[in-house]
2 protein chains.
Amino acid sequence: MSKTAIDIQRAANVLKLLGDKTRLTMIKILDNHDACVCEFVEIFKTSQPAISQHVRKLKDAGLVRETRRGQWIIYSLNKDSEYFPLVKDLLLHLPNQDFRLKELEEQGLRISCE
Amino acid sequence: MSKTAIDIQRAANVLKLLGDKTRLTMIKILDNHDACVCEFVEIFKTSQPAISQHVRKLKDAGLVRETRRGQWIIYSLNKDSEYFPLVKDLLLHLPNQDFRLKELEEQGLRISCE
DNA sequence: CCTTTATATAACTATTCGCTTATATAATAA
DNA sequence: TTATTATATAAGCGAATAGTTATATAAAGG
């Protein structure tokens, strides 16, 4: 066990959060780029409340942070989370999701949040 | 992304499986020692069917293997699983669980399965 | 053979989960 | 101010989850 070992109950809670395709993809995207709710709505082709509820869970667990910028709220990975090293290691095993933001840009939907 | 990147949907399924304290602890234990259902029943102080259902999920996902030895069925980590590298990295962040098997030995319950 | 031990499976139940719709809040723009 | 855009929250619903009890299978020992 390493010095930064995480209590197994709390680790399970984090893994449960990441055990959802939408949230896991969100985190993988946020690993490279900050994003707002409206972008996720476009990317996942789902409703705004559904996205808000997903990001809220990630925020409640301390995995992401929010920053208001005008009328938008920008979400980013919380690098200070005790879970951040675990999450980072996890993400290494997942395919890059940058193409999703690229698709948004091509549709002119990315700039809407900047 | 690495060459061994795992489809994000399937990774989410695996993380959901591991997002349960009992199953996550099982996997952490199996990382160091094979074990049978009856040992897990003692360790987790829960019913035999509950344990059987947990190991079945892990087996169905290919994370563990079973080997019958007499009347016991011994479970072990499946190192050939495509998810094994991911799981291994994960486990590095969790506290060692050897004390659980040690407790069994002290109670004389470990040998019952060997 | 019958009994015991280990494990699996089926049916049921309570809880949790992720979505929906409707509504509220907050910032911006006209 | 009023309208628009972005986001959050609440309530409700159907599906999935993890446990329970009861029963089935399978090996070992008498």
# chains A, B, ... in the order shown; residues from 1 in each chain; ligands from 1
>>> interface_residues(of="chain B", to="chain C", cutoff="9 Å", atoms="only C-alpha atoms (C1' of nucleotides)", output="MDAnalysis selection string")
chainID B and resid 37:38 48:49 52:53 71:73
>>> closest_atom_pairs(of="chain B", to="chain A", cutoff="6 Å", atoms="only C-alpha atoms", output="Markdown table")
| residue | atom | partner | partner_atom | distance |
| --- | --- | --- | --- | --- |
| B:Met1 | CA | A:Pro95 | CA | 5.1 |
| B:Ala5 | CA | A:His93 | CA | 4.7 |
| B:Ile6 | CA | A:Leu94 | CA | 5.4 |
| B:Gln9 | CA | A:Lys21 | CA | 5.4 |
| B:Ala12 | CA | A:Gly19 | CA | 4.3 |
| B:Asn13 | CA | A:Gly19 | CA | 5.9 |
| B:Leu15 | CA | A:Gly19 | CA | 4.5 |
| B:Lys16 | CA | A:Gly19 | CA | 3.9 |
| B:Gly19 | CA | A:Lys16 | CA | 3.9 |
| B:Asp20 | CA | A:Ala12 | CA | 5.3 |
| B:Lys21 | CA | A:Ala12 | CA | 5.3 |
| B:His93 | CA | A:Ala5 | CA | 4.7 |
| B:Leu94 | CA | A:Ala5 | CA | 4.7 |
| B:Pro95 | CA | A:Met1 | CA | 5.1 |
| B:Asn96 | CA | A:Met1 | CA | 5.3 |
>>> closest_residue(among="B:Met26, B:Val55, B:Ala50, B:Leu101", to="chain D", atoms="only C-alpha atoms (C1' of nucleotides)")
B:Ala50
>>> select_by_dssp(residues="stretch 53-110 of chain B", states="strand (DSSP E or B)", output="VMD selection string")
chain B and resid 64 to 69 72 to 77
>>> interface_residues(of="chain D", to="chain B", cutoff="8 Å", atoms="only C-alpha atoms (C1' of nucleotides)", output="short mmCIF file (atom, residue, chain, number, x, y, z; two decimals) with N, CA and C atoms (P, O5', C5', C4', C3', O3' and C1' of nucleotides), in the first residue's frame")
data_model
loop_
_atom_site.label_atom_id
_atom_site.label_comp_id
_atom_site.auth_asym_id
_atom_site.auth_seq_id
_atom_site.Cartn_x
_atom_site.Cartn_y
_atom_site.Cartn_z
P DA D 18 -24.70 -3.73 -6.70
"O5'" DA D 18 -25.31 -4.19 -5.31
"C5'" DA D 18 -25.58 -3.22 -4.31
"C4'" DA D 18 -26.25 -3.90 -3.14
"C3'" DA D 18 -25.60 -5.23 -2.74
"O3'" DA D 18 -25.59 -5.35 -1.31
"C1'" DA D 18 -27.85 -5.60 -3.28
P DG D 19 -24.73 -6.51 -0.64
"O5'" DG D 19 -25.84 -7.36 0.14
"C5'" DG D 19 -26.43 -6.84 1.31
"C4'" DG D 19 -27.88 -7.22 1.38
"C3'" DG D 19 -28.17 -8.66 1.77
"O3'" DG D 19 -28.20 -8.80 3.19
"C1'" DG D 19 -29.63 -7.90 0.05
P DA D 26 -24.58 -30.70 -10.65
"O5'" DA D 26 -23.09 -30.48 -10.15
"C5'" DA D 26 -22.76 -29.45 -9.24
"C4'" DA D 26 -21.78 -29.92 -8.21
"C3'" DA D 26 -21.31 -31.37 -8.37
"O3'" DA D 26 -19.93 -31.40 -8.06
"C1'" DA D 26 -22.12 -31.04 -6.21
P DA D 27 -18.95 -32.59 -8.68
"O5'" DA D 27 -17.99 -32.89 -7.46
"C5'" DA D 27 -17.31 -31.81 -6.84
"C4'" DA D 27 -17.13 -32.09 -5.37
"C3'" DA D 27 -16.49 -33.46 -5.06
"O3'" DA D 27 -15.31 -33.23 -4.31
"C1'" DA D 27 -18.40 -33.08 -3.71
P DA D 28 -14.38 -34.47 -3.85
"O5'" DA D 28 -14.91 -34.72 -2.36
"C5'" DA D 28 -15.02 -33.58 -1.50
"C4'" DA D 28 -15.18 -34.05 -0.06
"C3'" DA D 28 -14.45 -35.34 0.26
"O3'" DA D 28 -13.86 -35.23 1.55
"C1'" DA D 28 -16.80 -35.63 0.56
#
>>> atom_distance(atom1="atom C1' of D:DT21", atom2="atom CA of B:Phe44")
19.0 Å
>>> select_by_dssp(residues="chain B", states="helix (DSSP H, G or I)", output="mmCIF file with N, CA, C and O atoms, in the first residue's frame")
data_model
loop_
_atom_site.group_PDB
_atom_site.id
_atom_site.type_symbol
_atom_site.label_atom_id
_atom_site.label_comp_id
_atom_site.auth_asym_id
_atom_site.auth_seq_id
_atom_site.Cartn_x
_atom_site.Cartn_y
_atom_site.Cartn_z
ATOM 1 N N ILE B 8 -14.652 3.138 -23.539
ATOM 2 C CA ILE B 8 -15.076 3.859 -22.343
ATOM 3 C C ILE B 8 -16.351 3.268 -21.730
ATOM 4 O O ILE B 8 -16.518 3.289 -20.504
ATOM 5 N N GLN B 9 -17.210 2.737 -22.576
ATOM 6 C CA GLN B 9 -18.426 2.107 -22.055
ATOM 7 C C GLN B 9 -18.083 0.871 -21.216
ATOM 8 O O GLN B 9 -18.622 0.661 -20.131
ATOM 9 N N ARG B 10 -17.168 0.085 -21.701
ATOM 10 C CA ARG B 10 -16.799 -1.122 -20.961
ATOM 11 C C ARG B 10 -15.999 -0.782 -19.719
ATOM 12 O O ARG B 10 -16.148 -1.426 -18.674
ATOM 13 N N ALA B 11 -15.174 0.246 -19.818
ATOM 14 C CA ALA B 11 -14.450 0.687 -18.623
ATOM 15 C C ALA B 11 -15.441 1.128 -17.554
ATOM 16 O O ALA B 11 -15.284 0.800 -16.375
ATOM 17 N N ALA B 12 -16.480 1.838 -17.973
ATOM 18 C CA ALA B 12 -17.488 2.291 -17.009
ATOM 19 C C ALA B 12 -18.159 1.090 -16.350
ATOM 20 O O ALA B 12 -18.406 1.099 -15.139
ATOM 21 N N ASN B 13 -18.435 0.057 -17.122
ATOM 22 C CA ASN B 13 -19.047 -1.141 -16.543
ATOM 23 C C ASN B 13 -18.152 -1.769 -15.488
ATOM 24 O O ASN B 13 -18.629 -2.183 -14.423
ATOM 25 N N VAL B 14 -16.874 -1.834 -15.777
ATOM 26 C CA VAL B 14 -15.935 -2.408 -14.810
ATOM 27 C C VAL B 14 -15.861 -1.541 -13.561
ATOM 28 O O VAL B 14 -15.888 -2.055 -12.436
ATOM 29 N N LEU B 15 -15.810 -0.231 -13.752
ATOM 30 C CA LEU B 15 -15.734 0.654 -12.591
ATOM 31 C C LEU B 15 -17.004 0.568 -11.755
ATOM 32 O O LEU B 15 -16.957 0.656 -10.526
ATOM 33 N N LYS B 16 -18.123 0.368 -12.407
ATOM 34 C CA LYS B 16 -19.363 0.212 -11.649
ATOM 35 C C LYS B 16 -19.288 -1.046 -10.781
ATOM 36 O O LYS B 16 -19.679 -1.038 -9.615
ATOM 37 N N LEU B 17 -18.749 -2.106 -11.361
ATOM 38 C CA LEU B 17 -18.569 -3.342 -10.597
ATOM 39 C C LEU B 17 -17.673 -3.114 -9.387
ATOM 40 O O LEU B 17 -17.928 -3.618 -8.290
ATOM 41 N N LEU B 18 -16.610 -2.361 -9.600
ATOM 42 C CA LEU B 18 -15.658 -2.104 -8.523
ATOM 43 C C LEU B 18 -16.160 -1.018 -7.583
ATOM 44 O O LEU B 18 -15.559 -0.773 -6.536
ATOM 45 N N LYS B 21 -18.146 -1.582 -2.120
ATOM 46 C CA LYS B 21 -17.119 -1.839 -1.110
ATOM 47 C C LYS B 21 -16.750 -3.316 -1.026
ATOM 48 O O LYS B 21 -15.571 -3.671 -0.938
ATOM 49 N N THR B 22 -17.757 -4.172 -1.042
ATOM 50 C CA THR B 22 -17.489 -5.601 -0.917
ATOM 51 C C THR B 22 -16.666 -6.112 -2.095
ATOM 52 O O THR B 22 -15.629 -6.757 -1.908
ATOM 53 N N ARG B 23 -17.113 -5.816 -3.294
ATOM 54 C CA ARG B 23 -16.387 -6.325 -4.474
ATOM 55 C C ARG B 23 -15.001 -5.713 -4.591
ATOM 56 O O ARG B 23 -14.034 -6.394 -4.955
ATOM 57 N N LEU B 24 -14.891 -4.428 -4.266
ATOM 58 C CA LEU B 24 -13.580 -3.785 -4.371
ATOM 59 C C LEU B 24 -12.604 -4.414 -3.377
ATOM 60 O O LEU B 24 -11.442 -4.685 -3.711
ATOM 61 N N THR B 25 -13.093 -4.687 -2.189
ATOM 62 C CA THR B 25 -12.241 -5.324 -1.183
ATOM 63 C C THR B 25 -11.870 -6.740 -1.612
ATOM 64 O O THR B 25 -10.721 -7.166 -1.445
ATOM 65 N N MET B 26 -12.827 -7.447 -2.175
ATOM 66 C CA MET B 26 -12.536 -8.792 -2.690
ATOM 67 C C MET B 26 -11.378 -8.758 -3.677
ATOM 68 O O MET B 26 -10.438 -9.557 -3.578
ATOM 69 N N ILE B 27 -11.473 -7.847 -4.618
ATOM 70 C CA ILE B 27 -10.445 -7.762 -5.651
ATOM 71 C C ILE B 27 -9.094 -7.418 -5.030
ATOM 72 O O ILE B 27 -8.057 -7.971 -5.409
ATOM 73 N N LYS B 28 -9.122 -6.516 -4.068
ATOM 74 C CA LYS B 28 -7.865 -6.143 -3.408
ATOM 75 C C LYS B 28 -7.270 -7.344 -2.669
ATOM 76 O O LYS B 28 -6.050 -7.551 -2.686
ATOM 77 N N ILE B 29 -8.114 -8.121 -2.040
ATOM 78 C CA ILE B 29 -7.635 -9.322 -1.351
ATOM 79 C C ILE B 29 -7.066 -10.313 -2.371
ATOM 80 O O ILE B 29 -5.973 -10.869 -2.185
ATOM 81 N N LEU B 30 -7.814 -10.514 -3.455
ATOM 82 C CA LEU B 30 -7.390 -11.486 -4.474
ATOM 83 C C LEU B 30 -6.096 -11.064 -5.166
ATOM 84 O O LEU B 30 -5.413 -11.884 -5.777
ATOM 85 N N VAL B 37 -15.294 -18.784 -1.470
ATOM 86 C CA VAL B 37 -16.512 -18.116 -1.025
ATOM 87 C C VAL B 37 -16.642 -18.149 0.497
ATOM 88 O O VAL B 37 -16.981 -17.138 1.122
ATOM 89 N N CYS B 38 -16.328 -19.304 1.075
ATOM 90 C CA CYS B 38 -16.539 -19.415 2.524
ATOM 91 C C CYS B 38 -15.636 -18.455 3.294
ATOM 92 O O CYS B 38 -16.007 -17.985 4.365
ATOM 93 N N GLU B 39 -14.471 -18.158 2.751
ATOM 94 C CA GLU B 39 -13.605 -17.176 3.413
ATOM 95 C C GLU B 39 -14.208 -15.776 3.318
ATOM 96 O O GLU B 39 -14.209 -15.017 4.295
ATOM 97 N N PHE B 40 -14.721 -15.461 2.149
ATOM 98 C CA PHE B 40 -15.345 -14.145 1.997
ATOM 99 C C PHE B 40 -16.559 -14.000 2.905
ATOM 100 O O PHE B 40 -16.820 -12.918 3.433
ATOM 101 N N VAL B 41 -17.284 -15.082 3.078
ATOM 102 C CA VAL B 41 -18.448 -15.031 3.962
ATOM 103 C C VAL B 41 -18.004 -14.618 5.370
ATOM 104 O O VAL B 41 -18.627 -13.755 6.002
ATOM 105 N N GLU B 42 -16.894 -15.197 5.833
ATOM 106 C CA GLU B 42 -16.382 -14.847 7.155
ATOM 107 C C GLU B 42 -15.863 -13.417 7.194
ATOM 108 O O GLU B 42 -16.138 -12.671 8.120
ATOM 109 N N ILE B 43 -15.120 -13.062 6.167
ATOM 110 C CA ILE B 43 -14.499 -11.741 6.137
ATOM 111 C C ILE B 43 -15.542 -10.634 6.148
ATOM 112 O O ILE B 43 -15.421 -9.653 6.874
ATOM 113 N N PHE B 44 -16.563 -10.799 5.325
ATOM 114 C CA PHE B 44 -17.538 -9.716 5.176
ATOM 115 C C PHE B 44 -18.733 -9.868 6.104
ATOM 116 O O PHE B 44 -19.618 -9.022 6.121
ATOM 117 N N GLN B 48 -23.933 -16.282 2.530
ATOM 118 C CA GLN B 48 -23.271 -16.992 1.435
ATOM 119 C C GLN B 48 -23.872 -16.620 0.070
ATOM 120 O O GLN B 48 -23.122 -16.379 -0.878
ATOM 121 N N PRO B 49 -25.197 -16.539 -0.060
ATOM 122 C CA PRO B 49 -25.718 -16.127 -1.371
ATOM 123 C C PRO B 49 -25.255 -14.728 -1.782
ATOM 124 O O PRO B 49 -24.954 -14.493 -2.958
ATOM 125 N N ALA B 50 -25.183 -13.821 -0.826
ATOM 126 C CA ALA B 50 -24.739 -12.465 -1.159
ATOM 127 C C ALA B 50 -23.322 -12.512 -1.744
ATOM 128 O O ALA B 50 -23.037 -11.882 -2.762
ATOM 129 N N ILE B 51 -22.460 -13.289 -1.113
ATOM 130 C CA ILE B 51 -21.085 -13.407 -1.601
ATOM 131 C C ILE B 51 -21.060 -14.073 -2.975
ATOM 132 O O ILE B 51 -20.379 -13.613 -3.896
ATOM 133 N N SER B 52 -21.810 -15.145 -3.127
ATOM 134 C CA SER B 52 -21.841 -15.846 -4.405
ATOM 135 C C SER B 52 -22.267 -14.910 -5.530
ATOM 136 O O SER B 52 -21.739 -14.975 -6.647
ATOM 137 N N GLN B 53 -23.227 -14.061 -5.235
ATOM 138 C CA GLN B 53 -23.706 -13.147 -6.271
ATOM 139 C C GLN B 53 -22.655 -12.099 -6.625
ATOM 140 O O GLN B 53 -22.522 -11.699 -7.785
ATOM 141 N N HIS B 54 -21.885 -11.672 -5.615
ATOM 142 C CA HIS B 54 -20.808 -10.715 -5.907
ATOM 143 C C HIS B 54 -19.728 -11.363 -6.778
ATOM 144 O O HIS B 54 -19.311 -10.791 -7.786
ATOM 145 N N VAL B 55 -19.285 -12.545 -6.398
ATOM 146 C CA VAL B 55 -18.200 -13.161 -7.179
ATOM 147 C C VAL B 55 -18.683 -13.526 -8.580
ATOM 148 O O VAL B 55 -17.912 -13.481 -9.543
ATOM 149 N N ARG B 56 -19.954 -13.832 -8.702
ATOM 150 C CA ARG B 56 -20.466 -14.141 -10.027
ATOM 151 C C ARG B 56 -20.366 -12.926 -10.955
ATOM 152 O O ARG B 56 -20.008 -13.046 -12.126
ATOM 153 N N LYS B 57 -20.676 -11.774 -10.408
ATOM 154 C CA LYS B 57 -20.565 -10.565 -11.239
ATOM 155 C C LYS B 57 -19.123 -10.343 -11.671
ATOM 156 O O LYS B 57 -18.845 -9.986 -12.823
ATOM 157 N N LEU B 58 -18.209 -10.541 -10.740
ATOM 158 C CA LEU B 58 -16.797 -10.363 -11.067
ATOM 159 C C LEU B 58 -16.361 -11.390 -12.104
ATOM 160 O O LEU B 58 -15.568 -11.095 -13.000
ATOM 161 N N LYS B 59 -16.887 -12.597 -11.987
ATOM 162 C CA LYS B 59 -16.539 -13.661 -12.924
ATOM 163 C C LYS B 59 -17.138 -13.369 -14.301
ATOM 164 O O LYS B 59 -16.462 -13.504 -15.321
ATOM 165 N N ASP B 60 -18.398 -12.955 -14.323
ATOM 166 C CA ASP B 60 -19.052 -12.650 -15.595
ATOM 167 C C ASP B 60 -18.306 -11.550 -16.353
ATOM 168 O O ASP B 60 -18.282 -11.545 -17.584
ATOM 169 N N PHE B 84 -7.218 -6.113 -16.645
ATOM 170 C CA PHE B 84 -6.265 -6.355 -15.572
ATOM 171 C C PHE B 84 -5.301 -5.183 -15.341
ATOM 172 O O PHE B 84 -5.101 -4.774 -14.190
ATOM 173 N N PRO B 85 -4.725 -4.603 -16.404
ATOM 174 C CA PRO B 85 -3.811 -3.470 -16.154
ATOM 175 C C PRO B 85 -4.510 -2.302 -15.467
ATOM 176 O O PRO B 85 -3.949 -1.684 -14.547
ATOM 177 N N LEU B 86 -5.722 -2.030 -15.872
ATOM 178 C CA LEU B 86 -6.503 -0.972 -15.234
ATOM 179 C C LEU B 86 -6.735 -1.295 -13.764
ATOM 180 O O LEU B 86 -6.501 -0.471 -12.868
ATOM 181 N N VAL B 87 -7.173 -2.515 -13.519
ATOM 182 C CA VAL B 87 -7.462 -2.927 -12.144
ATOM 183 C C VAL B 87 -6.202 -2.844 -11.286
ATOM 184 O O VAL B 87 -6.234 -2.338 -10.161
ATOM 185 N N LYS B 88 -5.099 -3.317 -11.821
ATOM 186 C CA LYS B 88 -3.842 -3.289 -11.073
ATOM 187 C C LYS B 88 -3.477 -1.866 -10.660
ATOM 188 O O LYS B 88 -3.105 -1.609 -9.501
ATOM 189 N N ASP B 89 -3.588 -0.937 -11.599
ATOM 190 C CA ASP B 89 -3.261 0.456 -11.289
ATOM 191 C C ASP B 89 -4.170 1.005 -10.199
ATOM 192 O O ASP B 89 -3.725 1.735 -9.306
ATOM 193 N N LEU B 90 -5.426 0.622 -10.307
ATOM 194 C CA LEU B 90 -6.397 1.039 -9.301
ATOM 195 C C LEU B 90 -6.008 0.570 -7.905
ATOM 196 O O LEU B 90 -6.031 1.325 -6.932
ATOM 197 N N LEU B 91 -5.664 -0.713 -7.845
ATOM 198 C CA LEU B 91 -5.410 -1.333 -6.547
ATOM 199 C C LEU B 91 -4.243 -0.688 -5.816
ATOM 200 O O LEU B 91 -4.181 -0.730 -4.581
ATOM 201 N N ASP B 98 -4.544 -7.456 3.746
ATOM 202 C CA ASP B 98 -4.064 -8.747 4.242
ATOM 203 C C ASP B 98 -4.526 -9.035 5.669
ATOM 204 O O ASP B 98 -4.714 -10.191 6.055
ATOM 205 N N PHE B 99 -4.713 -7.969 6.432
ATOM 206 C CA PHE B 99 -5.129 -8.162 7.824
ATOM 207 C C PHE B 99 -6.422 -8.966 7.923
ATOM 208 O O PHE B 99 -6.661 -9.658 8.903
ATOM 209 N N ARG B 100 -7.228 -8.897 6.881
ATOM 210 C CA ARG B 100 -8.506 -9.617 6.919
ATOM 211 C C ARG B 100 -8.276 -11.126 6.877
ATOM 212 O O ARG B 100 -8.940 -11.885 7.583
ATOM 213 N N LEU B 101 -7.345 -11.554 6.037
ATOM 214 C CA LEU B 101 -7.040 -12.982 5.991
ATOM 215 C C LEU B 101 -6.300 -13.410 7.252
ATOM 216 O O LEU B 101 -6.484 -14.515 7.753
ATOM 217 N N LYS B 102 -5.477 -12.495 7.770
ATOM 218 C CA LYS B 102 -4.763 -12.798 9.020
ATOM 219 C C LYS B 102 -5.744 -13.064 10.140
ATOM 220 O O LYS B 102 -5.579 -13.990 10.929
ATOM 221 N N GLU B 103 -6.781 -12.247 10.205
ATOM 222 C CA GLU B 103 -7.803 -12.444 11.239
ATOM 223 C C GLU B 103 -8.438 -13.820 11.107
ATOM 224 O O GLU B 103 -8.683 -14.496 12.100
ATOM 225 N N LEU B 104 -8.690 -14.225 9.868
ATOM 226 C CA LEU B 104 -9.271 -15.549 9.628
ATOM 227 C C LEU B 104 -8.354 -16.635 10.158
ATOM 228 O O LEU B 104 -8.793 -17.579 10.813
ATOM 229 N N GLU B 105 -7.072 -16.500 9.849
ATOM 230 C CA GLU B 105 -6.113 -17.506 10.290
ATOM 231 C C GLU B 105 -6.092 -17.615 11.804
ATOM 232 O O GLU B 105 -6.076 -18.713 12.363
ATOM 233 N N GLU B 106 -6.125 -16.446 12.445
ATOM 234 C CA GLU B 106 -6.103 -16.448 13.910
ATOM 235 C C GLU B 106 -7.331 -17.138 14.479
ATOM 236 O O GLU B 106 -7.297 -17.709 15.565
ATOM 237 N N ILE B 111 -7.828 -22.227 7.255
ATOM 238 C CA ILE B 111 -7.470 -23.561 6.815
ATOM 239 C C ILE B 111 -8.666 -24.366 6.302
ATOM 240 O O ILE B 111 -8.501 -25.321 5.572
ATOM 241 N N SER B 112 -9.846 -23.951 6.695
ATOM 242 C CA SER B 112 -11.028 -24.714 6.304
ATOM 243 C C SER B 112 -11.135 -24.842 4.789
ATOM 244 O O SER B 112 -11.821 -25.710 4.293
ATOM 245 N N CYS B 113 -10.450 -23.964 4.087
ATOM 246 C CA CYS B 113 -10.591 -23.997 2.641
ATOM 247 C C CYS B 113 -9.345 -24.508 1.944
ATOM 248 O O CYS B 113 -9.159 -24.248 0.756
#
